[in-house]
Structure formats: structure tokens, C-alpha cells
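Inspection log for the structure reproduced underneath, given as C-alpha cells.
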Amino acid sequence: MTASTSDIEQAAGVLRAGGLVALPTETVYGLGANAEDPAAVARIFQVKGRPPTHPLIVHIGHADLLDEWVEDVPAAARLLAEHLWPGPLTLVLRRGRRVPLEATGGLDTVAVRVPDHPVALALLDAFGGGVTAPSANRFGSVSPTTTDHVRAELGDAVDFVLEGGPCAVGVESTIVDVTGDTPSILRPGGVTREELEAVVGGPLDVPSSSRVRVPGQHPSHYAPRARVVLVEPEKVLAEAELAQESGHRVGVFLPSSSAGAVVKVHAVVPVPRSAAAYARELYGFLRGFDEQGCDLIFASLPAEEGLGLAIANRLRRAAGPRSTV
């Protein structure tokens, strides 16, 4: 099931009127507003409970529109946009005059991307402008990958929800800062480091901190209600069972190396062998543990290559400062 043409036209009308639209992208569902309407943008922060200094991503319909929204586009940004848009890649560039400071958290930089989802692109085309669209959930909680997740999180606070099916990537876009001398990855995501390096022709840093504020840098982010605990793969089962014996309702991500093992805990999710499948299902798994009443979730980090880098980033953020037992 997906949105009809009339649904898309109605959603575009909601955006023009200053309303909020939940829209599908290939990464997660976004909470969209007219990027040039400060009042509508401010409402996003209010509905999500998001700090006003936490910048938003402006979604545009085509790479050819980039110069309308930013200033000083370097060659590296053009190259990345040419090869990886539409797609789960966000570029941080100098803010253009069309972008209000409300959308950038007061910064002179703006994060921009072209989503790779037919419904999102159709909405952008029908609307005829840019759409700020952070994930359609409460700030810091697990991002939504279905419309059911959106409605459970935000309910009537959203003026219109566009159906686009489950998100194909399942984790947010990769954010790359292209304002400096060399690009750097500020948030790992749906485009892998290896894919980016193949385009730019050299290695890219993934700094632990950045002078540029971007989405997903809060100490605790993408977090379920249950506490996420990260341990080494060979210790996951023992630590999970010990916590269950101590009176916790434990969920565990069962490593592929332990496939088929019997674990005496409340809920078990086998980790998919494919990193793409793991990324696509990660947020659904975390929500599922909450729905089953778990108060602790045990997991180990995947190898930090390919999409494993993004998965590890999300699990660390979900765990927050208290990441280990």
C-alpha cells in the first residue's frame, strides 16, 4: 500500500498551509514542514520535544536545486551529489538565504539531501519547495520505519500521514561535512564510508566530535524505553541470562555466531547475517523489545565496516553514556 496522487496533493496543501506531514523516505519516516516557514519549522521542534539548537535536514527534489538552498558548493559536494543523490546522503554546506535560521539551529550551515523514495519525491515535486523533515518521533527515541510507528509516537500532532510502506534502508542518512578542506563523516548512515571514499577518491575521517552540530549527536539517541547494554559478542548470552536471573525482563540480540543457542531470557532476536537486513530491521527490533516489556536489552556491536558502521553508531547512541554493564 502506498500514497495515491490525491494523498500527495493533499499533503502538499497541508505543507503550504503551515501544517506538518509525516512522509516516507528510504531511511525512516520524516516529520515534514515547509522549510521556508519559520512558524511551521518551530512546530516541528514543539511536537518532537526537540531542542531548538538541534538542526534539521532540508529535503529537496533534485540535485539541480542545490544552489537555490546553499552557498559556495565545493567540487566534492557536486561530485557526491552527482553520484549518490537521490539516496541516504546528507551534505552540510553554507546556508543559503532561503533557509531560515530556525531550521539550522541558528547555524550558518545547513544539512541538505535528496531522498530516494517515490512518495517523498512526488511530494517535493507537488509542493514545489524544500521540506525540513527530522524523524517523525519524539526526540531521542527510536526512529519510525512504518506509519504505525509514526501514529504510535505522535498521534494527532501530525496533520497528515503519507503511506509509503516500510522503509527500505531503516537507518538515517549519512551526514557529510563538505564545508572544510576535506569532507568528513559526521554521522554514519545508509551510504557507507566505502561508497563515499570510492566517489571522492580518498579516505574520509569519522571524527568523534565536530564543530558543526548535526542530527544524531545527542549523548542518548535512537533509544527505546529499555536500557541498552553493549557487551562483547562472546559474553552476550551469559550477561543476559545473569540479568534475567537477577529479576530483569531481558531482551537479547543473539549474535550470528550463537545462532540456534537456547537463551533463558524474556525475548530473543537473532541478528540477521546481512548488514543491510540488520539495518532495515534494527529500529523495529528495538520497538519490539519495548512492546514485550523488556527493561534491559543486551547487544554486541557488529564489525564497523559497510553498514555495520551505522548500526554500531545507532546502538552506541541507543545505549547512551551507560553503554556497558
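Residues in the C-alpha cells are named by chain (A, B, ... in the order shown) and by number from 1 within that chain; ligands are numbered from 1 in the order shown.
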* Mind checking which residues fall within 7 Å of Thr179 (chain A), counting only C-alpha atoms, ignoring those fewer than 5 positions away in the same chain, and posting them as a PyMOL selection string? => chain A and resi 92-94
* Please identify which residues in region 44-81 of chain A DSSP calls strand (DSSP E) from the backbone, and express them as a VMD selection string. => chain A and resid 57 to 59 70 to 71
* To do: Check the smallest atom-to-atom distance from each of A:Val58, A:Leu186, A:Ala120, A:Ala63 to Trp85 (chain A) using only C-alpha atoms, then report the winner.
  => A:Ala63
* Distance criterion (only C-alpha atoms): nearest to Glu197 (chain A) out of A:Pro302, A:Leu296, A:Arg280, A:Leu84 -> A:Leu84
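Remark: for Leu79 (chain A), the closest of the candidate residues A:Val191, A:Leu91, A:Ala126, A:Ala157 is A:Leu91 (distances computed over only C-alpha atoms).
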At most 12 Å is the cut-off: for each residue in region 16-118 of chain A with any atom that close to an atom of region 200-208 of chain A, write down the nearest atom pair and the distance in Å rounded to one decimal, counting only C-alpha atoms, chain first then increasing number, as a tab-separated table.
```
residue	atom	partner	partner_atom	distance
A:Ala75	CA	A:Val200	CA	9.8
A:Ala76	CA	A:Val200	CA	6.7
A:Ala77	CA	A:Val200	CA	9.4
A:Arg78	CA	A:Val200	CA	10.4
A:Leu79	CA	A:Val200	CA	7.3
A:Leu80	CA	A:Val200	CA	7.4
A:Ala81	CA	A:Val200	CA	11.1
A:Glu82	CA	A:Val200	CA	11.4
A:His83	CA	A:Val200	CA	10.0
A:Leu84	CA	A:Val200	CA	11.3
```
With C-alpha atoms retained, export the selected residues as a PDB file, in the first residue's frame.
```pdb
ATOM      1  CA  ALA A  75      33.616  20.351  -6.091  1.00  0.00           C
ATOM      2  CA  ALA A  76      33.481  17.466  -3.584  1.00  0.00           C
ATOM      3  CA  ALA A  77      29.830  18.265  -2.818  1.00  0.00           C
ATOM      4  CA  ARG A  78      28.929  18.339  -6.520  1.00  0.00           C
ATOM      5  CA  LEU A  79      30.656  15.008  -7.026  1.00  0.00           C
ATOM      6  CA  LEU A  80      28.879  13.338  -4.098  1.00  0.00           C
ATOM      7  CA  ALA A  81      25.502  14.727  -5.134  1.00  0.00           C
ATOM      8  CA  GLU A  82      26.005  13.598  -8.741  1.00  0.00           C
ATOM      9  CA  HIS A  83      26.851  10.023  -7.748  1.00  0.00           C
ATOM     10  CA  LEU A  84      24.758   9.428  -4.607  1.00  0.00           C
TER      11      LEU A  84
END
```
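Between Val150 (chain A) and the residues A:Tyr29, A:Trp69, A:Phe253, A:Phe45, the shortest atom-to-atom distance, using only C-alpha atoms, involves A:Tyr29.
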* Asked: Per DSSP on the backbone, what are the helix (DSSP H, G or I) residues of region 60-163 of chain A, as a PyMOL selection string?
  -> chain A and resi 63-68+75-84+101-104+118-127+147-157
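The gap separating CA of Glu153 (chain A) from CA of Gly140 (chain A) is 11.8 Å, in Å to one decimal.
The space separating CA of Leu230 (chain A) from CA of Pro51 (chain A) comes to 27.1 Å.
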* 10 Å contact set for Ala319 (chain A), only C-alpha atoms, chain neighbours under 4 positions out, as a ChimeraX atom specification -> /A:219-224,226-230,297-299,313-315,323-324
* Structure fact -> Separating CA of Arg50 (chain A) from CA of Leu15 (chain A), to the nearest tenth of an Å, is a gap of 19.9 Å
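Checking A:Arg16, A:Arg316, A:Arg287, A:Lys264 one by one against Leu123 (chain A), counting only C-alpha atoms, you find the shortest gap at A:Arg16.
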* To do: Between A:Ile44, A:Ala279, A:Val110, A:Val14, single out the one closest to Ala312 (chain A), counting only C-alpha atoms.
  => A:Ala279
